[in-house]
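Just my_file-v4.pdb here, PDB, N, CA, C and O atoms and all ligand atoms:
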```pdb
ATOM      1  N   MET U 433       0.817  -1.215   0.000
ATOM      2  CA  MET U 433       0.000   0.000   0.000
ATOM      3  C   MET U 433       0.847   1.261   0.000
ATOM      4  O   MET U 433       0.313   2.348  -0.025
ATOM      5  N   ASN U 434       2.167   1.103   0.101
ATOM      6  CA  ASN U 434       2.994   2.298   0.133
ATOM      7  C   ASN U 434       3.518   2.685  -1.236
ATOM      8  O   ASN U 434       4.113   3.732  -1.401
ATOM      9  N   ASP U 435       3.265   1.829  -2.209
ATOM     10  CA  ASP U 435       3.720   2.122  -3.555
ATOM     11  C   ASP U 435       2.728   3.066  -4.224
ATOM     12  O   ASP U 435       1.557   2.739  -4.404
ATOM     13  N   GLU U 436       3.196   4.251  -4.585
ATOM     14  CA  GLU U 436       2.320   5.273  -5.156
ATOM     15  C   GLU U 436       1.669   4.845  -6.465
ATOM     16  O   GLU U 436       0.602   5.313  -6.809
ATOM     17  N   THR U 437       2.355   3.951  -7.183
ATOM     18  CA  THR U 437       1.819   3.558  -8.487
ATOM     19  C   THR U 437       0.945   2.304  -8.382
ATOM     20  O   THR U 437       0.405   1.852  -9.374
ATOM     21  N   GLU U 438       0.801   1.795  -7.176
ATOM     22  CA  GLU U 438      -0.031   0.615  -6.991
ATOM     23  C   GLU U 438      -1.490   0.971  -7.260
ATOM     24  O   GLU U 438      -2.003   1.971  -6.747
ATOM     25  N   VAL U 439      -2.151   0.148  -8.056
ATOM     26  CA  VAL U 439      -3.554   0.407  -8.356
ATOM     27  C   VAL U 439      -4.412   0.005  -7.160
ATOM     28  O   VAL U 439      -4.337  -1.122  -6.681
ATOM     29  N   LEU U 440      -5.187   0.953  -6.682
ATOM     30  CA  LEU U 440      -6.055   0.698  -5.536
ATOM     31  C   LEU U 440      -7.428   0.244  -6.008
ATOM     32  O   LEU U 440      -8.019  -0.660  -5.449
ATOM     33  N   CYS U 441      -7.929   0.898  -7.055
ATOM     34  CA  CYS U 441      -9.240   0.535  -7.592
ATOM     35  C   CYS U 441      -9.064   0.069  -9.036
ATOM     36  O   CYS U 441      -8.742   0.864  -9.914
ATOM     37  N   TYR U 442      -9.269  -1.215  -9.253
ATOM     38  CA  TYR U 442      -9.044  -1.777 -10.584
ATOM     39  C   TYR U 442     -10.126  -1.375 -11.574
ATOM     40  O   TYR U 442      -9.886  -1.308 -12.776
ATOM     41  N   CYS U 443     -11.323  -1.098 -11.081
ATOM     42  CA  CYS U 443     -12.416  -0.713 -11.975
ATOM     43  C   CYS U 443     -12.145   0.641 -12.633
ATOM     44  O   CYS U 443     -12.439   0.838 -13.805
ATOM     45  N   SER U 444     -11.560   1.570 -11.874
ATOM     46  CA  SER U 444     -11.311   2.905 -12.419
ATOM     47  C   SER U 444      -9.836   3.128 -12.727
ATOM     48  O   SER U 444      -9.468   4.121 -13.331
ATOM     49  N   GLY U 445      -8.976   2.206 -12.271
ATOM     50  CA  GLY U 445      -7.544   2.355 -12.502
ATOM     51  C   GLY U 445      -6.906   3.406 -11.603
ATOM     52  O   GLY U 445      -5.827   3.904 -11.888
ATOM     53  N   THR U 446      -7.575   3.749 -10.514
ATOM     54  CA  THR U 446      -7.051   4.765  -9.599
ATOM     55  C   THR U 446      -5.908   4.189  -8.764
ATOM     56  O   THR U 446      -6.034   3.107  -8.205
ATOM     57  N   THR U 447      -4.809   4.939  -8.680
ATOM     58  CA  THR U 447      -3.657   4.466  -7.922
ATOM     59  C   THR U 447      -3.662   5.036  -6.503
ATOM     60  O   THR U 447      -4.334   6.025  -6.222
ATOM     61  N   THR U 448      -2.888   4.385  -5.653
ATOM     62  CA  THR U 448      -2.718   4.856  -4.284
ATOM     63  C   THR U 448      -2.219   6.295  -4.282
ATOM     64  O   THR U 448      -2.676   7.119  -3.498
ATOM     65  N   GLY U 449      -1.293   6.609  -5.189
ATOM     66  CA  GLY U 449      -0.724   7.946  -5.264
ATOM     67  C   GLY U 449      -1.777   9.007  -5.562
ATOM     68  O   GLY U 449      -1.730  10.109  -5.019
ATOM     69  N   GLN U 450      -2.731   8.675  -6.437
ATOM     70  CA  GLN U 450      -3.782   9.636  -6.776
ATOM     71  C   GLN U 450      -4.650   9.944  -5.556
ATOM     72  O   GLN U 450      -5.028  11.095  -5.331
ATOM     73  N   ILE U 451      -4.962   8.908  -4.799
ATOM     74  CA  ILE U 451      -5.778   9.104  -3.597
ATOM     75  C   ILE U 451      -4.998   9.933  -2.579
ATOM     76  O   ILE U 451      -5.528  10.863  -1.972
ATOM     77  N   ARG U 452      -3.722   9.597  -2.413
ATOM     78  CA  ARG U 452      -2.884  10.327  -1.456
ATOM     79  C   ARG U 452      -2.819  11.807  -1.804
ATOM     80  O   ARG U 452      -2.821  12.669  -0.936
ATOM     81  N   LYS U 453      -2.747  12.099  -3.095
ATOM     82  CA  LYS U 453      -2.680  13.486  -3.542
ATOM     83  C   LYS U 453      -3.948  14.231  -3.108
ATOM     84  O   LYS U 453      -3.879  15.354  -2.625
ATOM     85  N   LEU U 454      -5.098  13.593  -3.274
ATOM     86  CA  LEU U 454      -6.355  14.212  -2.861
ATOM     87  C   LEU U 454      -6.366  14.429  -1.358
ATOM     88  O   LEU U 454      -6.796  15.471  -0.868
ATOM     89  N   LEU U 455      -5.890  13.422  -0.615
ATOM     90  CA  LEU U 455      -5.842  13.542   0.842
ATOM     91  C   LEU U 455      -4.960  14.719   1.237
ATOM     92  O   LEU U 455      -5.294  15.478   2.145
ATOM     93  N   ASP U 456      -3.838  14.869   0.527
ATOM     94  CA  ASP U 456      -2.927  15.982   0.818
ATOM     95  C   ASP U 456      -3.598  17.321   0.543
ATOM     96  O   ASP U 456      -3.258  18.337   1.139
ATOM     97  N   GLU U 457      -4.551  17.313  -0.401
ATOM     98  CA  GLU U 457      -5.269  18.549  -0.722
ATOM     99  C   GLU U 457      -6.434  18.775   0.236
ATOM    100  O   GLU U 457      -7.211  19.705   0.077
ATOM    101  N   GLY U 458      -6.585  17.866   1.194
ATOM    102  CA  GLY U 458      -7.638  18.024   2.189
ATOM    103  C   GLY U 458      -8.944  17.345   1.813
ATOM    104  O   GLY U 458      -9.966  17.543   2.465
ATOM    105  N   ILE U 459      -8.917  16.570   0.742
ATOM    106  CA  ILE U 459     -10.125  15.863   0.329
ATOM    107  C   ILE U 459     -10.071  14.447   0.901
ATOM    108  O   ILE U 459      -9.303  13.611   0.441
ATOM    109  N   SER U 460     -10.862  14.213   1.947
ATOM    110  CA  SER U 460     -10.787  12.908   2.612
ATOM    111  C   SER U 460     -12.155  12.252   2.728
ATOM    112  O   SER U 460     -12.309  11.236   3.394
ATOM    113  N   ASP U 461     -13.149  12.835   2.077
ATOM    114  CA  ASP U 461     -14.478  12.251   2.093
ATOM    115  C   ASP U 461     -14.563  11.183   0.999
ATOM    116  O   ASP U 461     -14.371  11.481  -0.185
ATOM    117  N   PRO U 462     -14.820   9.925   1.371
ATOM    118  CA  PRO U 462     -14.834   8.839   0.391
ATOM    119  C   PRO U 462     -15.762   9.107  -0.797
ATOM    120  O   PRO U 462     -15.439   8.763  -1.936
ATOM    121  N   GLU U 463     -16.907   9.738  -0.534
ATOM    122  CA  GLU U 463     -17.851  10.016  -1.626
ATOM    123  C   GLU U 463     -17.271  11.008  -2.622
ATOM    124  O   GLU U 463     -17.472  10.890  -3.827
ATOM    125  N   ARG U 464     -16.555  11.986  -2.088
ATOM    126  CA  ARG U 464     -15.923  12.987  -2.963
ATOM    127  C   ARG U 464     -14.799  12.343  -3.762
ATOM    128  O   ARG U 464     -14.658  12.578  -4.963
ATOM    129  N   ILE U 465     -14.012  11.526  -3.081
ATOM    130  CA  ILE U 465     -12.926  10.829  -3.749
ATOM    131  C   ILE U 465     -13.491   9.936  -4.846
ATOM    132  O   ILE U 465     -12.964   9.855  -5.943
ATOM    133  N   SER U 466     -14.603   9.309  -4.546
ATOM    134  CA  SER U 466     -15.260   8.436  -5.518
ATOM    135  C   SER U 466     -15.705   9.223  -6.749
ATOM    136  O   SER U 466     -15.518   8.782  -7.887
ATOM    137  N   ARG U 467     -16.286  10.394  -6.520
ATOM    138  CA  ARG U 467     -16.760  11.216  -7.640
ATOM    139  C   ARG U 467     -15.605  11.697  -8.502
ATOM    140  O   ARG U 467     -15.701  11.738  -9.727
ATOM    141  N   ILE U 468     -14.496  12.059  -7.867
ATOM    142  CA  ILE U 468     -13.367  12.619  -8.596
ATOM    143  C   ILE U 468     -12.609  11.541  -9.372
ATOM    144  O   ILE U 468     -12.242  11.727 -10.525
ATOM    145  N   THR U 469     -12.391  10.401  -8.723
ATOM    146  CA  THR U 469     -11.517   9.390  -9.316
ATOM    147  C   THR U 469     -12.257   8.205  -9.939
ATOM    148  O   THR U 469     -11.682   7.475 -10.734
ATOM    149  N   GLY U 470     -13.502   8.000  -9.552
ATOM    150  CA  GLY U 470     -14.225   6.820 -10.040
ATOM    151  C   GLY U 470     -14.056   5.626  -9.118
ATOM    152  O   GLY U 470     -14.648   4.570  -9.329
ATOM    153  N   THR U 471     -13.248   5.819  -8.087
ATOM    154  CA  THR U 471     -13.081   4.779  -7.077
ATOM    155  C   THR U 471     -14.437   4.432  -6.470
ATOM    156  O   THR U 471     -15.267   5.312  -6.264
ATOM    157  N   LEU U 472     -14.681   3.157  -6.230
ATOM    158  CA  LEU U 472     -15.922   2.653  -5.620
ATOM    159  C   LEU U 472     -17.121   2.719  -6.571
ATOM    160  O   LEU U 472     -18.230   2.427  -6.165
ATOM    161  N   SER U 473     -16.875   3.111  -7.821
ATOM    162  CA  SER U 473     -18.008   3.244  -8.736
ATOM    163  C   SER U 473     -18.286   1.947  -9.483
ATOM    164  O   SER U 473     -19.262   1.825 -10.208
ATOM    165  N   GLY U 474     -17.413   0.958  -9.292
ATOM    166  CA  GLY U 474     -17.615  -0.316  -9.979
ATOM    167  C   GLY U 474     -18.023  -1.409  -9.021
ATOM    168  O   GLY U 474     -19.081  -1.356  -8.421
ATOM    169  N   CYS U 475     -17.124  -2.379  -8.825
ATOM    170  CA  CYS U 475     -17.456  -3.563  -8.033
ATOM    171  C   CYS U 475     -17.482  -3.292  -6.535
ATOM    172  O   CYS U 475     -18.070  -4.048  -5.780
ATOM    173  N   GLY U 476     -16.832  -2.212  -6.094
ATOM    174  CA  GLY U 476     -16.798  -1.910  -4.667
ATOM    175  C   GLY U 476     -15.729  -2.681  -3.917
ATOM    176  O   GLY U 476     -15.593  -2.549  -2.706
ATOM    177  N   GLY U 477     -14.955  -3.470  -4.647
ATOM    178  CA  GLY U 477     -13.941  -4.305  -4.007
ATOM    179  C   GLY U 477     -12.792  -3.523  -3.396
ATOM    180  O   GLY U 477     -12.023  -4.062  -2.603
ATOM    181  N   CYS U 478     -12.664  -2.263  -3.746
ATOM    182  CA  CYS U 478     -11.561  -1.460  -3.241
ATOM    183  C   CYS U 478     -11.941  -0.714  -1.961
ATOM    184  O   CYS U 478     -11.133   0.018  -1.407
ATOM    185  N   GLU U 479     -13.169  -0.899  -1.506
ATOM    186  CA  GLU U 479     -13.660  -0.132  -0.370
ATOM    187  C   GLU U 479     -12.759  -0.288   0.857
ATOM    188  O   GLU U 479     -12.418   0.686   1.516
ATOM    189  N   PHE U 480     -12.366  -1.536   1.135
ATOM    190  CA  PHE U 480     -11.544  -1.786   2.325
ATOM    191  C   PHE U 480     -10.194  -1.093   2.200
ATOM    192  O   PHE U 480      -9.726  -0.459   3.145
ATOM    193  N   ASP U 481      -9.573  -1.215   1.030
ATOM    194  CA  ASP U 481      -8.258  -0.607   0.816
ATOM    195  C   ASP U 481      -8.344   0.915   0.897
ATOM    196  O   ASP U 481      -7.456   1.570   1.447
ATOM    197  N   LEU U 482      -9.411   1.472   0.341
ATOM    198  CA  LEU U 482      -9.581   2.926   0.394
ATOM    199  C   LEU U 482      -9.738   3.373   1.843
ATOM    200  O   LEU U 482      -9.102   4.332   2.273
ATOM    201  N   GLN U 483     -10.567   2.650   2.581
ATOM    202  CA  GLN U 483     -10.793   3.000   3.976
ATOM    203  C   GLN U 483      -9.493   2.916   4.770
ATOM    204  O   GLN U 483      -9.197   3.783   5.590
ATOM    205  N   ALA U 484      -8.691   1.885   4.497
ATOM    206  CA  ALA U 484      -7.414   1.718   5.194
ATOM    207  C   ALA U 484      -6.495   2.903   4.903
ATOM    208  O   ALA U 484      -5.797   3.401   5.783
ATOM    209  N   LEU U 485      -6.526   3.357   3.664
ATOM    210  CA  LEU U 485      -5.691   4.493   3.267
ATOM    211  C   LEU U 485      -6.166   5.770   3.969
ATOM    212  O   LEU U 485      -5.355   6.549   4.472
ATOM    213  N   LEU U 486      -7.492   5.949   4.031
ATOM    214  CA  LEU U 486      -8.041   7.128   4.709
ATOM    215  C   LEU U 486      -7.691   7.081   6.193
ATOM    216  O   LEU U 486      -7.315   8.096   6.783
ATOM    217  N   ASP U 487      -7.801   5.893   6.785
ATOM    218  CA  ASP U 487      -7.495   5.750   8.210
ATOM    219  C   ASP U 487      -6.034   6.055   8.484
ATOM    220  O   ASP U 487      -5.706   6.743   9.455
ATOM    221  N   SER U 488      -5.140   5.540   7.638
ATOM    222  CA  SER U 488      -3.715   5.762   7.871
ATOM    223  C   SER U 488      -3.379   7.237   7.689
ATOM    224  O   SER U 488      -2.510   7.777   8.351
ATOM    225  N   HIS U 489      -4.107   7.907   6.783
ATOM    226  CA  HIS U 489      -3.885   9.339   6.586
ATOM    227  C   HIS U 489      -4.320  10.109   7.820
ATOM    228  O   HIS U 489      -3.638  11.011   8.271
ATOM    229  N   LYS U 490      -5.473   9.720   8.373
ATOM    230  CA  LYS U 490      -5.991  10.372   9.578
ATOM    231  C   LYS U 490      -5.002  10.219  10.723
ATOM    232  O   LYS U 490      -4.708  11.159  11.436
ATOM    233  N   THR U 491      -4.489   8.995  10.880
ATOM    234  CA  THR U 491      -3.525   8.710  11.946
ATOM    235  C   THR U 491      -2.293   9.582  11.769
ATOM    236  O   THR U 491      -1.824  10.200  12.719
ATOM    237  N   ALA U 492      -1.795   9.659  10.545
ATOM    238  CA  ALA U 492      -0.596  10.450  10.264
ATOM    239  C   ALA U 492      -0.859  11.919  10.583
ATOM    240  O   ALA U 492       0.003  12.605  11.121
ATOM    241  N   ALA U 493      -2.055  12.397  10.264
ATOM    242  CA  ALA U 493      -2.398  13.794  10.497
ATOM    243  C   ALA U 493      -2.446  14.100  11.987
ATOM    244  O   ALA U 493      -2.059  15.183  12.422
ATOM    245  N   THR U 494      -2.906  13.134  12.767
ATOM    246  CA  THR U 494      -2.981  13.345  14.209
ATOM    247  C   THR U 494      -1.589  13.358  14.828
ATOM    248  O   THR U 494      -1.333  14.080  15.772
ATOM    249  N   GLU U 495      -0.719  12.531  14.267
ATOM    250  CA  GLU U 495       0.629  12.421  14.823
ATOM    251  C   GLU U 495       1.453  13.677  14.571
ATOM    252  O   GLU U 495       2.334  13.999  15.339
ATOM    253  N   ASN U 496       1.145  14.379  13.487
ATOM    254  CA  ASN U 496       1.958  15.546  13.147
ATOM    255  C   ASN U 496       1.498  16.798  13.891
ATOM    256  O   ASN U 496       0.417  17.199  13.847
TER     257      ASN U 496
HETATM  258  S1  LIG S 501     -11.988  -2.039  -7.622
HETATM  259 FE1  LIG S 501     -12.798  -0.119  -7.098
HETATM  260  S2  LIG S 501     -14.891  -0.251  -7.700
HETATM  261 FE2  LIG S 501     -14.041  -2.149  -8.347
END
```

Write the structure described by the file as structure tokens, please.
Ligand code: FES
Amino acid sequence: MNDETEVLCYCSGTTTGQIRKLLDEGISDPERISRITGTLSGCGGCEFDLQALLDSHKTAATEN
């Protein structure tokens, strides 16, 4: 999950790096991320991975 080029959502081809970029811009609402990237718009199989990424971002934000 730390590889920026790793595909997180196979239905839309969204990579971990793309999601991280949105998080860095302050966009952390899954629905918004879904609208922008297409994540979660297909099979929904990436939901867990997306949530894990959002959680780790939240944790990192609290630590800083
Ligand atoms: S892998 Fe993301 S919607 Fe299917």

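Applied to the file shown here, the PyMOL selection byres (((chain U and resi 473 and name CA) around 12) and not hetatm and name CA) selects U:Cys441, U:Tyr442, U:Cys443, U:Ser444, U:Gly445, U:Thr446, U:Pro462, U:Glu463, U:Arg464, U:Ile465, U:Ser466, U:Arg467, U:Ile468, U:Thr469, U:Gly470, U:Thr471, U:Leu472, U:Gly474, U:Cys475, U:Gly476, U:Gly477, U:Cys478, U:Glu479.
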
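Checking U:Asp461, U:Asp435, U:Asp456, U:Leu440 one by one against Asp481 of chain U, counting only N, CA, C and O atoms, you find the shortest gap at U:Leu440.
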
Could you put an axis-aligned box around every listed atom of segment 473-487 of chain U, padded by 6 Å on each side, and send me its centre and edge lengths in Å to one decimal, as JSON?
```
{"center_x": -12.3, "center_y": 1.9, "center_z": -0.4, "size_x": 25.9, "size_y": 24.4, "size_z": 31.7}
```

Polymer residues at most 12 Å from (3.0, 0.1, -4.7) by only C-alpha atoms, as a ChimeraX atom specification:
/U:433-440,447-450

Length of the atom O of Ala492 of chain U to atom FE2 of ligand LIG 501 (chain S) vector [Å]:
28.2 Å

Sorted by chain and rising residue number, which residues of segment 435-458 of chain U lie within 12 Å of segment 487-490 of chain U, and what are their closest atom pairs and distances in Å to one decimal, counting only C-alpha atoms, as CSV?
```
residue,atom,partner,partner_atom,distance
U:Thr448,CA,U:His489,CA,11.8
U:Ile451,CA,U:His489,CA,10.4
U:Arg452,CA,U:His489,CA,8.2
U:Lys453,CA,U:His489,CA,11.0
U:Leu454,CA,U:His489,CA,10.9
U:Leu455,CA,U:His489,CA,7.4
U:Asp456,CA,U:His489,CA,8.8
U:Glu457,CA,U:His489,CA,11.8
U:Gly458,CA,U:His489,CA,10.4
```

Could you give me, as a PDB file with N, CA, C and O atoms, keeping the file's coordinate frame, each residue of chain U that DSSP assigns to alpha helix (DSSP H) when run on this structure's backbone?
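Output file selection.pdb follows:
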```pdb
ATOM      1  N   THR U 448      -2.888   4.385  -5.653  1.00  0.00           N
ATOM      2  CA  THR U 448      -2.718   4.856  -4.284  1.00  0.00           C
ATOM      3  C   THR U 448      -2.219   6.295  -4.282  1.00  0.00           C
ATOM      4  O   THR U 448      -2.676   7.119  -3.498  1.00  0.00           O
ATOM      5  N   GLY U 449      -1.293   6.609  -5.189  1.00  0.00           N
ATOM      6  CA  GLY U 449      -0.724   7.946  -5.264  1.00  0.00           C
ATOM      7  C   GLY U 449      -1.777   9.007  -5.562  1.00  0.00           C
ATOM      8  O   GLY U 449      -1.730  10.109  -5.019  1.00  0.00           O
ATOM      9  N   GLN U 450      -2.731   8.675  -6.437  1.00  0.00           N
ATOM     10  CA  GLN U 450      -3.782   9.636  -6.776  1.00  0.00           C
ATOM     11  C   GLN U 450      -4.650   9.944  -5.556  1.00  0.00           C
ATOM     12  O   GLN U 450      -5.028  11.095  -5.331  1.00  0.00           O
ATOM     13  N   ILE U 451      -4.962   8.908  -4.799  1.00  0.00           N
ATOM     14  CA  ILE U 451      -5.778   9.104  -3.597  1.00  0.00           C
ATOM     15  C   ILE U 451      -4.998   9.933  -2.579  1.00  0.00           C
ATOM     16  O   ILE U 451      -5.528  10.863  -1.972  1.00  0.00           O
ATOM     17  N   ARG U 452      -3.722   9.597  -2.413  1.00  0.00           N
ATOM     18  CA  ARG U 452      -2.884  10.327  -1.456  1.00  0.00           C
ATOM     19  C   ARG U 452      -2.819  11.807  -1.804  1.00  0.00           C
ATOM     20  O   ARG U 452      -2.821  12.669  -0.936  1.00  0.00           O
ATOM     21  N   LYS U 453      -2.747  12.099  -3.095  1.00  0.00           N
ATOM     22  CA  LYS U 453      -2.680  13.486  -3.542  1.00  0.00           C
ATOM     23  C   LYS U 453      -3.948  14.231  -3.108  1.00  0.00           C
ATOM     24  O   LYS U 453      -3.879  15.354  -2.625  1.00  0.00           O
ATOM     25  N   LEU U 454      -5.098  13.593  -3.274  1.00  0.00           N
ATOM     26  CA  LEU U 454      -6.355  14.212  -2.861  1.00  0.00           C
ATOM     27  C   LEU U 454      -6.366  14.429  -1.358  1.00  0.00           C
ATOM     28  O   LEU U 454      -6.796  15.471  -0.868  1.00  0.00           O
ATOM     29  N   LEU U 455      -5.890  13.422  -0.615  1.00  0.00           N
ATOM     30  CA  LEU U 455      -5.842  13.542   0.842  1.00  0.00           C
ATOM     31  C   LEU U 455      -4.960  14.719   1.237  1.00  0.00           C
ATOM     32  O   LEU U 455      -5.294  15.478   2.145  1.00  0.00           O
ATOM     33  N   ASP U 456      -3.838  14.869   0.527  1.00  0.00           N
ATOM     34  CA  ASP U 456      -2.927  15.982   0.818  1.00  0.00           C
ATOM     35  C   ASP U 456      -3.598  17.321   0.543  1.00  0.00           C
ATOM     36  O   ASP U 456      -3.258  18.337   1.139  1.00  0.00           O
ATOM     37  N   PRO U 462     -14.820   9.925   1.371  1.00  0.00           N
ATOM     38  CA  PRO U 462     -14.834   8.839   0.391  1.00  0.00           C
ATOM     39  C   PRO U 462     -15.762   9.107  -0.797  1.00  0.00           C
ATOM     40  O   PRO U 462     -15.439   8.763  -1.936  1.00  0.00           O
ATOM     41  N   GLU U 463     -16.907   9.738  -0.534  1.00  0.00           N
ATOM     42  CA  GLU U 463     -17.851  10.016  -1.626  1.00  0.00           C
ATOM     43  C   GLU U 463     -17.271  11.008  -2.622  1.00  0.00           C
ATOM     44  O   GLU U 463     -17.472  10.890  -3.827  1.00  0.00           O
ATOM     45  N   ARG U 464     -16.555  11.986  -2.088  1.00  0.00           N
ATOM     46  CA  ARG U 464     -15.923  12.987  -2.963  1.00  0.00           C
ATOM     47  C   ARG U 464     -14.799  12.343  -3.762  1.00  0.00           C
ATOM     48  O   ARG U 464     -14.658  12.578  -4.963  1.00  0.00           O
ATOM     49  N   ILE U 465     -14.012  11.526  -3.081  1.00  0.00           N
ATOM     50  CA  ILE U 465     -12.926  10.829  -3.749  1.00  0.00           C
ATOM     51  C   ILE U 465     -13.491   9.936  -4.846  1.00  0.00           C
ATOM     52  O   ILE U 465     -12.964   9.855  -5.943  1.00  0.00           O
ATOM     53  N   SER U 466     -14.603   9.309  -4.546  1.00  0.00           N
ATOM     54  CA  SER U 466     -15.260   8.436  -5.518  1.00  0.00           C
ATOM     55  C   SER U 466     -15.705   9.223  -6.749  1.00  0.00           C
ATOM     56  O   SER U 466     -15.518   8.782  -7.887  1.00  0.00           O
ATOM     57  N   ARG U 467     -16.286  10.394  -6.520  1.00  0.00           N
ATOM     58  CA  ARG U 467     -16.760  11.216  -7.640  1.00  0.00           C
ATOM     59  C   ARG U 467     -15.605  11.697  -8.502  1.00  0.00           C
ATOM     60  O   ARG U 467     -15.701  11.738  -9.727  1.00  0.00           O
ATOM     61  N   ILE U 468     -14.496  12.059  -7.867  1.00  0.00           N
ATOM     62  CA  ILE U 468     -13.367  12.619  -8.596  1.00  0.00           C
ATOM     63  C   ILE U 468     -12.609  11.541  -9.372  1.00  0.00           C
ATOM     64  O   ILE U 468     -12.242  11.727 -10.525  1.00  0.00           O
ATOM     65  N   THR U 469     -12.391  10.401  -8.723  1.00  0.00           N
ATOM     66  CA  THR U 469     -11.517   9.390  -9.316  1.00  0.00           C
ATOM     67  C   THR U 469     -12.257   8.205  -9.939  1.00  0.00           C
ATOM     68  O   THR U 469     -11.682   7.475 -10.734  1.00  0.00           O
ATOM     69  N   GLU U 479     -13.169  -0.899  -1.506  1.00  0.00           N
ATOM     70  CA  GLU U 479     -13.660  -0.132  -0.370  1.00  0.00           C
ATOM     71  C   GLU U 479     -12.759  -0.288   0.857  1.00  0.00           C
ATOM     72  O   GLU U 479     -12.418   0.686   1.516  1.00  0.00           O
ATOM     73  N   PHE U 480     -12.366  -1.536   1.135  1.00  0.00           N
ATOM     74  CA  PHE U 480     -11.544  -1.786   2.325  1.00  0.00           C
ATOM     75  C   PHE U 480     -10.194  -1.093   2.200  1.00  0.00           C
ATOM     76  O   PHE U 480      -9.726  -0.459   3.145  1.00  0.00           O
ATOM     77  N   ASP U 481      -9.573  -1.215   1.030  1.00  0.00           N
ATOM     78  CA  ASP U 481      -8.258  -0.607   0.816  1.00  0.00           C
ATOM     79  C   ASP U 481      -8.344   0.915   0.897  1.00  0.00           C
ATOM     80  O   ASP U 481      -7.456   1.570   1.447  1.00  0.00           O
ATOM     81  N   LEU U 482      -9.411   1.472   0.341  1.00  0.00           N
ATOM     82  CA  LEU U 482      -9.581   2.926   0.394  1.00  0.00           C
ATOM     83  C   LEU U 482      -9.738   3.373   1.843  1.00  0.00           C
ATOM     84  O   LEU U 482      -9.102   4.332   2.273  1.00  0.00           O
ATOM     85  N   GLN U 483     -10.567   2.650   2.581  1.00  0.00           N
ATOM     86  CA  GLN U 483     -10.793   3.000   3.976  1.00  0.00           C
ATOM     87  C   GLN U 483      -9.493   2.916   4.770  1.00  0.00           C
ATOM     88  O   GLN U 483      -9.197   3.783   5.590  1.00  0.00           O
ATOM     89  N   ALA U 484      -8.691   1.885   4.497  1.00  0.00           N
ATOM     90  CA  ALA U 484      -7.414   1.718   5.194  1.00  0.00           C
ATOM     91  C   ALA U 484      -6.495   2.903   4.903  1.00  0.00           C
ATOM     92  O   ALA U 484      -5.797   3.401   5.783  1.00  0.00           O
ATOM     93  N   LEU U 485      -6.526   3.357   3.664  1.00  0.00           N
ATOM     94  CA  LEU U 485      -5.691   4.493   3.267  1.00  0.00           C
ATOM     95  C   LEU U 485      -6.166   5.770   3.969  1.00  0.00           C
ATOM     96  O   LEU U 485      -5.355   6.549   4.472  1.00  0.00           O
ATOM     97  N   LEU U 486      -7.492   5.949   4.031  1.00  0.00           N
ATOM     98  CA  LEU U 486      -8.041   7.128   4.709  1.00  0.00           C
ATOM     99  C   LEU U 486      -7.691   7.081   6.193  1.00  0.00           C
ATOM    100  O   LEU U 486      -7.315   8.096   6.783  1.00  0.00           O
ATOM    101  N   ASP U 487      -7.801   5.893   6.785  1.00  0.00           N
ATOM    102  CA  ASP U 487      -7.495   5.750   8.210  1.00  0.00           C
ATOM    103  C   ASP U 487      -6.034   6.055   8.484  1.00  0.00           C
ATOM    104  O   ASP U 487      -5.706   6.743   9.455  1.00  0.00           O
ATOM    105  N   SER U 488      -5.140   5.540   7.638  1.00  0.00           N
ATOM    106  CA  SER U 488      -3.715   5.762   7.871  1.00  0.00           C
ATOM    107  C   SER U 488      -3.379   7.237   7.689  1.00  0.00           C
ATOM    108  O   SER U 488      -2.510   7.777   8.351  1.00  0.00           O
ATOM    109  N   HIS U 489      -4.107   7.907   6.783  1.00  0.00           N
ATOM    110  CA  HIS U 489      -3.885   9.339   6.586  1.00  0.00           C
ATOM    111  C   HIS U 489      -4.320  10.109   7.820  1.00  0.00           C
ATOM    112  O   HIS U 489      -3.638  11.011   8.271  1.00  0.00           O
ATOM    113  N   LYS U 490      -5.473   9.720   8.373  1.00  0.00           N
ATOM    114  CA  LYS U 490      -5.991  10.372   9.578  1.00  0.00           C
ATOM    115  C   LYS U 490      -5.002  10.219  10.723  1.00  0.00           C
ATOM    116  O   LYS U 490      -4.708  11.159  11.436  1.00  0.00           O
ATOM    117  N   THR U 491      -4.489   8.995  10.880  1.00  0.00           N
ATOM    118  CA  THR U 491      -3.525   8.710  11.946  1.00  0.00           C
ATOM    119  C   THR U 491      -2.293   9.582  11.769  1.00  0.00           C
ATOM    120  O   THR U 491      -1.824  10.200  12.719  1.00  0.00           O
ATOM    121  N   ALA U 492      -1.795   9.659  10.545  1.00  0.00           N
ATOM    122  CA  ALA U 492      -0.596  10.450  10.264  1.00  0.00           C
ATOM    123  C   ALA U 492      -0.859  11.919  10.583  1.00  0.00           C
ATOM    124  O   ALA U 492       0.003  12.605  11.121  1.00  0.00           O
ATOM    125  N   ALA U 493      -2.055  12.397  10.264  1.00  0.00           N
ATOM    126  CA  ALA U 493      -2.398  13.794  10.497  1.00  0.00           C
ATOM    127  C   ALA U 493      -2.446  14.100  11.987  1.00  0.00           C
ATOM    128  O   ALA U 493      -2.059  15.183  12.422  1.00  0.00           O
ATOM    129  N   THR U 494      -2.906  13.134  12.767  1.00  0.00           N
ATOM    130  CA  THR U 494      -2.981  13.345  14.209  1.00  0.00           C
ATOM    131  C   THR U 494      -1.589  13.358  14.828  1.00  0.00           C
ATOM    132  O   THR U 494      -1.333  14.080  15.772  1.00  0.00           O
ATOM    133  N   GLU U 495      -0.719  12.531  14.267  1.00  0.00           N
ATOM    134  CA  GLU U 495       0.629  12.421  14.823  1.00  0.00           C
ATOM    135  C   GLU U 495       1.453  13.677  14.571  1.00  0.00           C
ATOM    136  O   GLU U 495       2.334  13.999  15.339  1.00  0.00           O
TER     137      GLU U 495
END
```

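Counting from atom CA of Thr491 of chain U, the distance to atom N of Ser460 of chain U is 13.6 Å.
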
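Between atom C of Leu482 of chain U and atom C of Ile459 of chain U there is a distance of 11.1 Å.
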
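Those residues of chain U that DSSP, working from the backbone, places in strand (DSSP E) are Val439, Leu440, Cys441, Thr446 and Thr447 of chain U.
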